[in-house]
>>> print(open('final18.cif').read())   # mmCIF, N, CA and C atoms
data_coords
#
loop_
_atom_site.label_atom_id
_atom_site.label_comp_id
_atom_site.auth_asym_id
_atom_site.auth_seq_id
_atom_site.Cartn_x
_atom_site.Cartn_y
_atom_site.Cartn_z
N MET A 23 17.53 3.58 -241.10
CA MET A 23 17.78 3.67 -242.52
C MET A 23 17.44 5.09 -242.97
N SER A 24 18.36 5.71 -243.68
CA SER A 24 18.13 7.08 -244.15
C SER A 24 17.15 7.10 -245.31
N THR A 25 16.65 8.29 -245.59
CA THR A 25 15.69 8.46 -246.70
C THR A 25 16.33 8.04 -248.01
N ASN A 26 17.57 8.42 -248.23
CA ASN A 26 18.26 8.05 -249.47
C ASN A 26 18.40 6.53 -249.60
N GLU A 27 18.69 5.85 -248.50
CA GLU A 27 18.80 4.39 -248.53
C GLU A 27 17.45 3.76 -248.88
N LYS A 28 16.37 4.33 -248.36
CA LYS A 28 15.04 3.81 -248.67
C LYS A 28 14.70 3.98 -250.15
N VAL A 29 15.08 5.13 -250.70
CA VAL A 29 14.85 5.39 -252.13
C VAL A 29 15.65 4.41 -252.97
N ILE A 30 16.91 4.19 -252.60
CA ILE A 30 17.76 3.25 -253.34
C ILE A 30 17.18 1.85 -253.27
N GLU A 31 16.72 1.44 -252.09
CA GLU A 31 16.13 0.11 -251.94
C GLU A 31 14.88 -0.03 -252.80
N LYS A 32 14.00 0.96 -252.77
CA LYS A 32 12.77 0.92 -253.57
C LYS A 32 13.09 0.85 -255.06
N THR A 33 14.07 1.63 -255.48
CA THR A 33 14.47 1.66 -256.89
C THR A 33 15.04 0.31 -257.33
N LEU A 34 15.94 -0.23 -256.53
CA LEU A 34 16.55 -1.51 -256.89
C LEU A 34 15.53 -2.65 -256.88
N LYS A 35 14.60 -2.63 -255.94
CA LYS A 35 13.56 -3.66 -255.91
C LYS A 35 12.67 -3.57 -257.16
N ALA A 36 12.38 -2.36 -257.59
CA ALA A 36 11.56 -2.18 -258.79
C ALA A 36 12.29 -2.71 -260.03
N LEU A 37 13.60 -2.59 -260.05
CA LEU A 37 14.37 -3.04 -261.20
C LEU A 37 14.70 -4.53 -261.17
N ALA A 38 14.53 -5.16 -260.03
CA ALA A 38 14.94 -6.56 -259.85
C ALA A 38 13.87 -7.55 -260.30
N ASN A 39 13.45 -7.42 -261.55
CA ASN A 39 12.42 -8.31 -262.09
C ASN A 39 12.56 -8.34 -263.61
N LYS A 40 12.60 -9.54 -264.17
CA LYS A 40 12.83 -9.65 -265.62
C LYS A 40 11.70 -9.05 -266.44
N ARG A 41 10.46 -9.11 -265.95
CA ARG A 41 9.34 -8.51 -266.68
C ARG A 41 9.46 -6.99 -266.70
N ARG A 42 9.83 -6.42 -265.56
CA ARG A 42 9.97 -4.97 -265.50
C ARG A 42 11.15 -4.48 -266.35
N ILE A 43 12.19 -5.28 -266.42
CA ILE A 43 13.31 -4.93 -267.30
C ILE A 43 12.85 -4.97 -268.75
N ALA A 44 12.06 -5.97 -269.11
CA ALA A 44 11.51 -6.05 -270.47
C ALA A 44 10.60 -4.85 -270.76
N ILE A 45 9.83 -4.44 -269.78
CA ILE A 45 8.96 -3.27 -269.94
C ILE A 45 9.81 -2.03 -270.19
N LEU A 46 10.84 -1.83 -269.38
CA LEU A 46 11.71 -0.67 -269.55
C LEU A 46 12.40 -0.68 -270.91
N ARG A 47 12.84 -1.85 -271.34
CA ARG A 47 13.49 -1.97 -272.65
C ARG A 47 12.52 -1.53 -273.76
N PHE A 48 11.28 -1.98 -273.68
CA PHE A 48 10.28 -1.64 -274.69
C PHE A 48 9.95 -0.14 -274.67
N ILE A 49 9.72 0.39 -273.48
CA ILE A 49 9.36 1.81 -273.38
C ILE A 49 10.54 2.70 -273.77
N LYS A 50 11.74 2.28 -273.42
CA LYS A 50 12.92 3.05 -273.82
C LYS A 50 13.03 3.12 -275.35
N LYS A 51 12.74 1.99 -276.00
CA LYS A 51 12.80 1.91 -277.46
C LYS A 51 11.67 2.70 -278.12
N SER A 52 10.47 2.60 -277.57
CA SER A 52 9.31 3.22 -278.21
C SER A 52 9.06 4.66 -277.74
N GLY A 53 9.64 5.05 -276.62
CA GLY A 53 9.46 6.40 -276.12
C GLY A 53 8.26 6.53 -275.19
N GLN A 54 7.14 5.96 -275.59
CA GLN A 54 5.91 6.03 -274.81
C GLN A 54 5.03 4.85 -275.22
N ALA A 55 4.33 4.26 -274.25
CA ALA A 55 3.50 3.10 -274.59
C ALA A 55 2.33 2.98 -273.62
N SER A 56 1.26 2.40 -274.13
CA SER A 56 0.08 2.13 -273.30
C SER A 56 0.25 0.76 -272.64
N VAL A 57 -0.60 0.50 -271.66
CA VAL A 57 -0.56 -0.79 -270.97
C VAL A 57 -0.77 -1.93 -271.98
N GLY A 58 -1.72 -1.75 -272.88
CA GLY A 58 -2.01 -2.78 -273.88
C GLY A 58 -0.82 -3.04 -274.80
N ASP A 59 -0.16 -1.97 -275.24
CA ASP A 59 1.03 -2.13 -276.09
C ASP A 59 2.12 -2.92 -275.37
N VAL A 60 2.35 -2.57 -274.11
CA VAL A 60 3.38 -3.26 -273.33
C VAL A 60 2.99 -4.71 -273.11
N ALA A 61 1.73 -4.96 -272.74
CA ALA A 61 1.26 -6.32 -272.48
C ALA A 61 1.42 -7.20 -273.71
N ASN A 62 1.05 -6.68 -274.89
CA ASN A 62 1.20 -7.46 -276.12
C ASN A 62 2.65 -7.75 -276.44
N THR A 63 3.51 -6.79 -276.22
CA THR A 63 4.92 -6.95 -276.55
C THR A 63 5.61 -7.95 -275.64
N ILE A 64 5.35 -7.87 -274.34
CA ILE A 64 6.06 -8.77 -273.42
C ILE A 64 5.26 -10.05 -273.13
N LYS A 65 4.13 -10.22 -273.81
CA LYS A 65 3.31 -11.44 -273.69
C LYS A 65 2.88 -11.70 -272.25
N LEU A 66 2.22 -10.70 -271.67
CA LEU A 66 1.75 -10.79 -270.29
C LEU A 66 0.33 -10.24 -270.24
N SER A 67 -0.44 -10.67 -269.28
CA SER A 67 -1.83 -10.19 -269.18
C SER A 67 -1.85 -8.69 -268.91
N PHE A 68 -2.96 -8.08 -269.27
CA PHE A 68 -3.15 -6.64 -269.05
C PHE A 68 -3.02 -6.31 -267.57
N LYS A 69 -3.65 -7.13 -266.72
CA LYS A 69 -3.66 -6.89 -265.27
C LYS A 69 -2.25 -6.99 -264.68
N ALA A 70 -1.51 -8.03 -265.04
CA ALA A 70 -0.15 -8.21 -264.52
C ALA A 70 0.77 -7.10 -265.03
N THR A 71 0.62 -6.73 -266.30
CA THR A 71 1.42 -5.65 -266.87
C THR A 71 1.14 -4.34 -266.15
N SER A 72 -0.11 -4.09 -265.87
CA SER A 72 -0.51 -2.88 -265.17
C SER A 72 0.13 -2.80 -263.79
N LYS A 73 0.20 -3.93 -263.08
CA LYS A 73 0.83 -3.97 -261.76
C LYS A 73 2.33 -3.66 -261.87
N HIS A 74 2.99 -4.25 -262.86
CA HIS A 74 4.43 -3.98 -263.05
C HIS A 74 4.67 -2.51 -263.39
N LEU A 75 3.82 -1.95 -264.22
CA LEU A 75 3.95 -0.53 -264.57
C LEU A 75 3.75 0.36 -263.35
N MET A 76 2.82 0.00 -262.49
CA MET A 76 2.56 0.77 -261.29
C MET A 76 3.77 0.73 -260.35
N ILE A 77 4.41 -0.41 -260.23
CA ILE A 77 5.61 -0.53 -259.39
C ILE A 77 6.71 0.39 -259.93
N LEU A 78 6.90 0.39 -261.24
CA LEU A 78 7.91 1.25 -261.85
C LEU A 78 7.56 2.73 -261.70
N ALA A 79 6.29 3.05 -261.80
CA ALA A 79 5.86 4.45 -261.64
C ALA A 79 6.00 4.88 -260.18
N ASN A 80 5.66 4.02 -259.24
CA ASN A 80 5.79 4.36 -257.82
C ASN A 80 7.25 4.54 -257.40
N ALA A 81 8.16 3.92 -258.13
CA ALA A 81 9.60 4.08 -257.85
C ALA A 81 10.17 5.26 -258.63
N ASP A 82 9.31 6.04 -259.27
CA ASP A 82 9.70 7.22 -260.06
C ASP A 82 10.62 6.89 -261.23
N ILE A 83 10.47 5.67 -261.75
CA ILE A 83 11.24 5.27 -262.92
C ILE A 83 10.45 5.60 -264.18
N LEU A 84 9.12 5.45 -264.09
CA LEU A 84 8.24 5.78 -265.21
C LEU A 84 7.33 6.94 -264.84
N GLU A 85 6.97 7.70 -265.85
CA GLU A 85 5.95 8.75 -265.71
C GLU A 85 4.71 8.24 -266.45
N LYS A 86 3.55 8.66 -265.98
CA LYS A 86 2.33 8.27 -266.67
C LYS A 86 1.52 9.51 -267.01
N GLU A 87 0.83 9.40 -268.14
CA GLU A 87 0.01 10.50 -268.63
C GLU A 87 -1.26 9.90 -269.21
N GLN A 88 -2.39 10.40 -268.76
CA GLN A 88 -3.66 9.90 -269.27
C GLN A 88 -4.14 10.78 -270.41
N ILE A 89 -4.40 10.15 -271.55
CA ILE A 89 -4.96 10.83 -272.70
C ILE A 89 -6.25 10.10 -273.03
N SER A 90 -7.36 10.80 -272.81
CA SER A 90 -8.69 10.22 -272.96
C SER A 90 -8.80 9.02 -272.01
N LEU A 91 -9.03 7.83 -272.53
CA LEU A 91 -9.14 6.64 -271.69
C LEU A 91 -7.86 5.84 -271.61
N THR A 92 -6.82 6.31 -272.28
CA THR A 92 -5.57 5.56 -272.37
C THR A 92 -4.50 6.15 -271.45
N MET A 93 -3.87 5.27 -270.65
CA MET A 93 -2.77 5.68 -269.80
C MET A 93 -1.47 5.36 -270.55
N LEU A 94 -0.66 6.39 -270.76
CA LEU A 94 0.59 6.22 -271.47
C LEU A 94 1.76 6.34 -270.49
N TYR A 95 2.74 5.47 -270.66
CA TYR A 95 3.91 5.45 -269.78
C TYR A 95 5.16 5.79 -270.57
N SER A 96 6.07 6.52 -269.92
CA SER A 96 7.36 6.85 -270.51
C SER A 96 8.40 6.88 -269.40
N ILE A 97 9.67 6.84 -269.78
CA ILE A 97 10.76 6.91 -268.80
C ILE A 97 10.74 8.30 -268.17
N SER A 98 10.83 8.36 -266.86
CA SER A 98 10.85 9.65 -266.16
C SER A 98 12.06 10.47 -266.58
N LYS A 99 11.88 11.77 -266.60
CA LYS A 99 12.98 12.66 -266.96
C LYS A 99 13.97 12.81 -265.82
N ASP A 100 13.48 12.75 -264.59
CA ASP A 100 14.34 12.89 -263.41
C ASP A 100 14.44 11.57 -262.66
N VAL A 101 15.12 10.61 -263.26
CA VAL A 101 15.28 9.31 -262.60
C VAL A 101 16.45 9.37 -261.62
N HIS A 102 16.44 8.45 -260.68
CA HIS A 102 17.53 8.34 -259.72
C HIS A 102 18.83 8.04 -260.48
N PRO A 103 19.97 8.52 -260.00
CA PRO A 103 21.25 8.25 -260.69
C PRO A 103 21.51 6.77 -260.94
N ILE A 104 21.02 5.91 -260.07
CA ILE A 104 21.19 4.46 -260.28
C ILE A 104 20.49 4.04 -261.57
N VAL A 105 19.28 4.55 -261.78
CA VAL A 105 18.52 4.21 -262.98
C VAL A 105 19.23 4.76 -264.22
N SER A 106 19.78 5.96 -264.11
CA SER A 106 20.52 6.55 -265.23
C SER A 106 21.69 5.68 -265.66
N LYS A 107 22.31 5.01 -264.70
CA LYS A 107 23.44 4.12 -265.00
C LYS A 107 22.97 2.80 -265.60
N ILE A 108 21.79 2.33 -265.17
CA ILE A 108 21.29 1.02 -265.59
C ILE A 108 20.59 1.08 -266.95
N LEU A 109 19.85 2.15 -267.22
CA LEU A 109 19.07 2.24 -268.46
C LEU A 109 19.89 1.98 -269.74
N PRO A 110 21.10 2.51 -269.87
CA PRO A 110 21.85 2.21 -271.09
C PRO A 110 22.21 0.74 -271.24
N LEU A 111 22.21 0.00 -270.15
CA LEU A 111 22.54 -1.43 -270.18
C LEU A 111 21.36 -2.31 -270.56
N ILE A 112 20.17 -1.73 -270.49
CA ILE A 112 18.94 -2.51 -270.77
C ILE A 112 18.68 -2.56 -272.26
#
>>> encode(input="final18.cif", output="structure tokens")
Amino acid sequence: MSTNEKVIEKTLKALANKRRIAILRFIKKSGQASVGDVANTIKLSFKATSKHLMILANADILEKEQISLTMLYSISKDVHPIVSKILPLI
């Protein structure tokens, strides 16, 4: 399997979850959000939300920035072309 195929597989696996799609929809709408904001919006525990956010960040779909004690997530500026095609549909 080529490197590009592995990246595509990782990206598609990260997107293949209704909670992560809900997270992306919320962050796309709000621009930037903390774990707590996302958890409250999608009605999921802080711990589970954090895991979903980490999966999206590890797939380079989300960027994270720590400000003081708060971790803020936003859509990555350099997402894979697949993500660029999917984001407008979310």
>>> residues_around(input="final18.cif", residues="Glu85 (chain A)", least_positions_apart="3", cutoff="7 Å", atoms="all atoms listed in the file", output="MDAnalysis selection string")
chainID A and resid 78:79 82 94:99
>>> residues_around(input="final18.cif", residues="Thr63 (chain A)", least_positions_apart="4", cutoff="8 Å", atoms="all atoms listed in the file", output="list in words")
Ala44, Phe48, Val57, Gly58 and Asp59 of chain A
>>> write_last_selection(input="final18.cif", atoms="N, CA and C atoms", output="compact mmCIF listing (two decimals), keeping the file's coordinate frame")
# COMPACT_ATOMS: atom_id res chain seq x y z
N ALA A 44 12.06 -5.97 -269.11
CA ALA A 44 11.51 -6.05 -270.47
C ALA A 44 10.60 -4.85 -270.76
N PHE A 48 11.28 -1.98 -273.68
CA PHE A 48 10.28 -1.64 -274.69
C PHE A 48 9.95 -0.14 -274.67
N VAL A 57 -0.60 0.50 -271.66
CA VAL A 57 -0.56 -0.79 -270.97
C VAL A 57 -0.77 -1.93 -271.98
N GLY A 58 -1.72 -1.75 -272.88
CA GLY A 58 -2.01 -2.78 -273.88
C GLY A 58 -0.82 -3.04 -274.80
N ASP A 59 -0.16 -1.97 -275.24
CA ASP A 59 1.03 -2.13 -276.09
C ASP A 59 2.12 -2.92 -275.37
>>> closest_residue(input="final18.cif", among="A:His74, A:Arg47, A:Lys65, A:Ile104", to="Leu34 (chain A)", atoms="all atoms listed in the file")
A:Ile104
>>> atom_distance(input="final18.cif", atom1="CA of Phe68 (chain A)", atom2="CA of Ser56 (chain A)")
10.3 Å
>>> atom_distance(input="final18.cif", atom1="CA of Ala61 (chain A)", atom2="CA of Leu111 (chain A)")
22.0 Å
>>> atom_distance(input="final18.cif", atom1="CA of Ala70 (chain A)", atom2="CA of Lys107 (chain A)")
26.6 Å
>>> closest_residue(input="final18.cif", among="A:Thr33, A:Met23, A:Lys40, A:Leu91", to="Val105 (chain A)", atoms="all atoms listed in the file")
A:Thr33
>>> select_by_dssp(input="final18.cif", residues="chain A", states="strand (DSSP E or B)", output="PyMOL selection string")
chain A and resi 55-56+84-89+92-97
>>> write_last_selection(input="final18.cif", atoms="N, CA and C atoms", output="PDB file, in the coordinates of the input")
ATOM      1  N   ALA A  55       4.330   4.260-274.250  1.00  0.00           N
ATOM      2  CA  ALA A  55       3.500   3.100-274.590  1.00  0.00           C
ATOM      3  C   ALA A  55       2.330   2.980-273.620  1.00  0.00           C
ATOM      4  N   SER A  56       1.260   2.400-274.130  1.00  0.00           N
ATOM      5  CA  SER A  56       0.080   2.130-273.300  1.00  0.00           C
ATOM      6  C   SER A  56       0.250   0.760-272.640  1.00  0.00           C
ATOM      7  N   LEU A  84       9.120   5.450-264.090  1.00  0.00           N
ATOM      8  CA  LEU A  84       8.240   5.780-265.210  1.00  0.00           C
ATOM      9  C   LEU A  84       7.330   6.940-264.840  1.00  0.00           C
ATOM     10  N   GLU A  85       6.970   7.700-265.850  1.00  0.00           N
ATOM     11  CA  GLU A  85       5.950   8.750-265.710  1.00  0.00           C
ATOM     12  C   GLU A  85       4.710   8.240-266.450  1.00  0.00           C
ATOM     13  N   LYS A  86       3.550   8.660-265.980  1.00  0.00           N
ATOM     14  CA  LYS A  86       2.330   8.270-266.670  1.00  0.00           C
ATOM     15  C   LYS A  86       1.520   9.510-267.010  1.00  0.00           C
ATOM     16  N   GLU A  87       0.830   9.400-268.140  1.00  0.00           N
ATOM     17  CA  GLU A  87       0.010  10.500-268.630  1.00  0.00           C
ATOM     18  C   GLU A  87      -1.260   9.900-269.210  1.00  0.00           C
ATOM     19  N   GLN A  88      -2.390  10.400-268.760  1.00  0.00           N
ATOM     20  CA  GLN A  88      -3.660   9.900-269.270  1.00  0.00           C
ATOM     21  C   GLN A  88      -4.140  10.780-270.410  1.00  0.00           C
ATOM     22  N   ILE A  89      -4.400  10.150-271.550  1.00  0.00           N
ATOM     23  CA  ILE A  89      -4.960  10.830-272.700  1.00  0.00           C
ATOM     24  C   ILE A  89      -6.250  10.100-273.030  1.00  0.00           C
ATOM     25  N   THR A  92      -6.820   6.310-272.280  1.00  0.00           N
ATOM     26  CA  THR A  92      -5.570   5.560-272.370  1.00  0.00           C
ATOM     27  C   THR A  92      -4.500   6.150-271.450  1.00  0.00           C
ATOM     28  N   MET A  93      -3.870   5.270-270.650  1.00  0.00           N
ATOM     29  CA  MET A  93      -2.770   5.680-269.800  1.00  0.00           C
ATOM     30  C   MET A  93      -1.470   5.360-270.550  1.00  0.00           C
ATOM     31  N   LEU A  94      -0.660   6.390-270.760  1.00  0.00           N
ATOM     32  CA  LEU A  94       0.590   6.220-271.470  1.00  0.00           C
ATOM     33  C   LEU A  94       1.760   6.340-270.490  1.00  0.00           C
ATOM     34  N   TYR A  95       2.740   5.470-270.660  1.00  0.00           N
ATOM     35  CA  TYR A  95       3.910   5.450-269.780  1.00  0.00           C
ATOM     36  C   TYR A  95       5.160   5.790-270.570  1.00  0.00           C
ATOM     37  N   SER A  96       6.070   6.520-269.920  1.00  0.00           N
ATOM     38  CA  SER A  96       7.360   6.850-270.510  1.00  0.00           C
ATOM     39  C   SER A  96       8.400   6.880-269.400  1.00  0.00           C
ATOM     40  N   ILE A  97       9.670   6.840-269.780  1.00  0.00           N
ATOM     41  CA  ILE A  97      10.760   6.910-268.800  1.00  0.00           C
ATOM     42  C   ILE A  97      10.740   8.300-268.170  1.00  0.00           C
TER      43      ILE A  97
END
>>> axis_aligned_box(input="final18.cif", around="region 61-79 of chain A", padding_each_side="5 Å", output="AutoDock Vina command-line options")
--center_x 2.1 --center_y -3.4 --center_z -268.0 --size_x 21.6 --size_y 26.6 --size_z 27.2
>>> select_by_dssp(input="final18.cif", residues="region 47-107 of chain A", states="alpha helix (DSSP H)", output="PyMOL selection string")
chain A and resi 47-52+57-64+68-80+103-107
>>> decode(input="final18.cif", residues="region 34-74 of chain A", atoms="N, CA and C atoms", output="JSON list (two decimals), in the first residue's frame")
[["chain", "number", "residue", "atom", "x", "y", "z"],
["A", 34, "LEU", "N", -10.47, 8.70, 5.45],
["A", 34, "LEU", "CA", -11.83, 8.18, 5.30],
["A", 34, "LEU", "C", -12.31, 7.50, 6.58],
["A", 35, "LYS", "N", -11.43, 6.80, 7.28],
["A", 35, "LYS", "CA", -11.82, 6.17, 8.54],
["A", 35, "LYS", "C", -12.18, 7.24, 9.58],
["A", 36, "ALA", "N", -11.44, 8.33, 9.59],
["A", 36, "ALA", "CA", -11.74, 9.41, 10.54],
["A", 36, "ALA", "C", -13.10, 10.03, 10.24],
["A", 37, "LEU", "N", -13.47, 10.09, 8.97],
["A", 37, "LEU", "CA", -14.74, 10.70, 8.58],
["A", 37, "LEU", "C", -15.93, 9.75, 8.69],
["A", 38, "ALA", "N", -15.67, 8.46, 8.82],
["A", 38, "ALA", "CA", -16.73, 7.46, 8.80],
["A", 38, "ALA", "C", -17.36, 7.24, 10.17],
["A", 39, "ASN", "N", -17.85, 8.31, 10.76],
["A", 39, "ASN", "CA", -18.48, 8.22, 12.08],
["A", 39, "ASN", "C", -19.44, 9.39, 12.24],
["A", 40, "LYS", "N", -20.67, 9.09, 12.65],
["A", 40, "LYS", "CA", -21.68, 10.16, 12.73],
["A", 40, "LYS", "C", -21.33, 11.21, 13.79],
["A", 41, "ARG", "N", -20.67, 10.83, 14.87],
["A", 41, "ARG", "CA", -20.28, 11.81, 15.90],
["A", 41, "ARG", "C", -19.21, 12.75, 15.36],
["A", 42, "ARG", "N", -18.25, 12.19, 14.63],
["A", 42, "ARG", "CA", -17.19, 13.04, 14.08],
["A", 42, "ARG", "C", -17.72, 13.97, 12.99],
["A", 43, "ILE", "N", -18.71, 13.50, 12.25],
["A", 43, "ILE", "CA", -19.35, 14.38, 11.26],
["A", 43, "ILE", "C", -20.07, 15.51, 11.97],
["A", 44, "ALA", "N", -20.75, 15.21, 13.07],
["A", 44, "ALA", "CA", -21.43, 16.24, 13.86],
["A", 44, "ALA", "C", -20.40, 17.24, 14.42],
["A", 45, "ILE", "N", -19.26, 16.74, 14.85],
["A", 45, "ILE", "CA", -18.20, 17.61, 15.37],
["A", 45, "ILE", "C", -17.72, 18.54, 14.27],
["A", 46, "LEU", "N", -17.45, 17.99, 13.09],
["A", 46, "LEU", "CA", -16.99, 18.82, 11.97],
["A", 46, "LEU", "C", -18.03, 19.86, 11.58],
["A", 47, "ARG", "N", -19.29, 19.47, 11.58],
["A", 47, "ARG", "CA", -20.37, 20.41, 11.25],
["A", 47, "ARG", "C", -20.37, 21.58, 12.24],
["A", 48, "PHE", "N", -20.24, 21.28, 13.52],
["A", 48, "PHE", "CA", -20.24, 22.32, 14.55],
["A", 48, "PHE", "C", -19.01, 23.23, 14.43],
["A", 49, "ILE", "N", -17.84, 22.63, 14.28],
["A", 49, "ILE", "CA", -16.62, 23.43, 14.19],
["A", 49, "ILE", "C", -16.59, 24.25, 12.90],
["A", 50, "LYS", "N", -17.10, 23.68, 11.82],
["A", 50, "LYS", "CA", -17.16, 24.44, 10.57],
["A", 50, "LYS", "C", -18.05, 25.67, 10.74],
["A", 51, "LYS", "N", -19.16, 25.50, 11.45],
["A", 51, "LYS", "CA", -20.10, 26.61, 11.68],
["A", 51, "LYS", "C", -19.53, 27.65, 12.65],
["A", 52, "SER", "N", -18.87, 27.18, 13.71],
["A", 52, "SER", "CA", -18.39, 28.10, 14.74],
["A", 52, "SER", "C", -16.98, 28.63, 14.48],
["A", 53, "GLY", "N", -16.23, 27.97, 13.61],
["A", 53, "GLY", "CA", -14.88, 28.41, 13.31],
["A", 53, "GLY", "C", -13.83, 27.79, 14.22],
["A", 54, "GLN", "N", -14.11, 27.79, 15.51],
["A", 54, "GLN", "CA", -13.18, 27.25, 16.50],
["A", 54, "GLN", "C", -13.99, 26.88, 17.74],
["A", 55, "ALA", "N", -13.63, 25.77, 18.39],
["A", 55, "ALA", "CA", -14.40, 25.35, 19.56],
["A", 55, "ALA", "C", -13.53, 24.55, 20.51],
["A", 56, "SER", "N", -13.88, 24.63, 21.79],
["A", 56, "SER", "CA", -13.20, 23.84, 22.82],
["A", 56, "SER", "C", -13.87, 22.47, 22.92],
["A", 57, "VAL", "N", -13.21, 21.56, 23.61],
["A", 57, "VAL", "CA", -13.76, 20.22, 23.81],
["A", 57, "VAL", "C", -15.12, 20.33, 24.52],
["A", 58, "GLY", "N", -15.20, 21.18, 25.54],
["A", 58, "GLY", "CA", -16.45, 21.34, 26.28],
["A", 58, "GLY", "C", -17.58, 21.87, 25.41],
["A", 59, "ASP", "N", -17.27, 22.85, 24.56],
["A", 59, "ASP", "CA", -18.29, 23.39, 23.65],
["A", 59, "ASP", "C", -18.82, 22.31, 22.72],
["A", 60, "VAL", "N", -17.90, 21.52, 22.17],
["A", 60, "VAL", "CA", -18.29, 20.45, 21.24],
["A", 60, "VAL", "C", -19.11, 19.40, 21.99],
["A", 61, "ALA", "N", -18.64, 18.99, 23.17],
["A", 61, "ALA", "CA", -19.33, 17.96, 23.95],
["A", 61, "ALA", "C", -20.76, 18.39, 24.28],
["A", 62, "ASN", "N", -20.94, 19.64, 24.70],
["A", 62, "ASN", "CA", -22.29, 20.13, 25.01],
["A", 62, "ASN", "C", -23.18, 20.16, 23.79],
["A", 63, "THR", "N", -22.63, 20.56, 22.67],
["A", 63, "THR", "CA", -23.43, 20.67, 21.44],
["A", 63, "THR", "C", -23.86, 19.32, 20.91],
["A", 64, "ILE", "N", -22.95, 18.36, 20.89],
["A", 64, "ILE", "CA", -23.31, 17.05, 20.31],
["A", 64, "ILE", "C", -23.82, 16.06, 21.37],
["A", 65, "LYS", "N", -23.95, 16.53, 22.61],
["A", 65, "LYS", "CA", -24.50, 15.71, 23.71],
["A", 65, "LYS", "C", -23.71, 14.42, 23.91],
["A", 66, "LEU", "N", -22.40, 14.60, 24.14],
["A", 66, "LEU", "CA", -21.51, 13.48, 24.35],
["A", 66, "LEU", "C", -20.59, 13.82, 25.52],
["A", 67, "SER", "N", -20.08, 12.82, 26.20],
["A", 67, "SER", "CA", -19.20, 13.08, 27.34],
["A", 67, "SER", "C", -17.93, 13.78, 26.89],
["A", 68, "PHE", "N", -17.31, 14.48, 27.82],
["A", 68, "PHE", "CA", -16.07, 15.19, 27.55],
["A", 68, "PHE", "C", -15.00, 14.22, 27.06],
["A", 69, "LYS", "N", -14.89, 13.07, 27.73],
["A", 69, "LYS", "CA", -13.87, 12.07, 27.40],
["A", 69, "LYS", "C", -14.07, 11.51, 25.99],
["A", 70, "ALA", "N", -15.29, 11.13, 25.66],
["A", 70, "ALA", "CA", -15.58, 10.57, 24.33],
["A", 70, "ALA", "C", -15.37, 11.63, 23.25],
["A", 71, "THR", "N", -15.80, 12.86, 23.52],
["A", 71, "THR", "CA", -15.60, 13.95, 22.56],
["A", 71, "THR", "C", -14.12, 14.19, 22.32],
["A", 72, "SER", "N", -13.35, 14.17, 23.38],
["A", 72, "SER", "CA", -11.91, 14.37, 23.28],
["A", 72, "SER", "C", -11.27, 13.31, 22.39],
["A", 73, "LYS", "N", -11.70, 12.06, 22.52],
["A", 73, "LYS", "CA", -11.18, 10.97, 21.69],
["A", 73, "LYS", "C", -11.51, 11.20, 20.22],
["A", 74, "HIS", "N", -12.75, 11.61, 19.94],
["A", 74, "HIS", "CA", -13.15, 11.88, 18.55],
["A", 74, "HIS", "C", -12.35, 13.04, 17.97]]
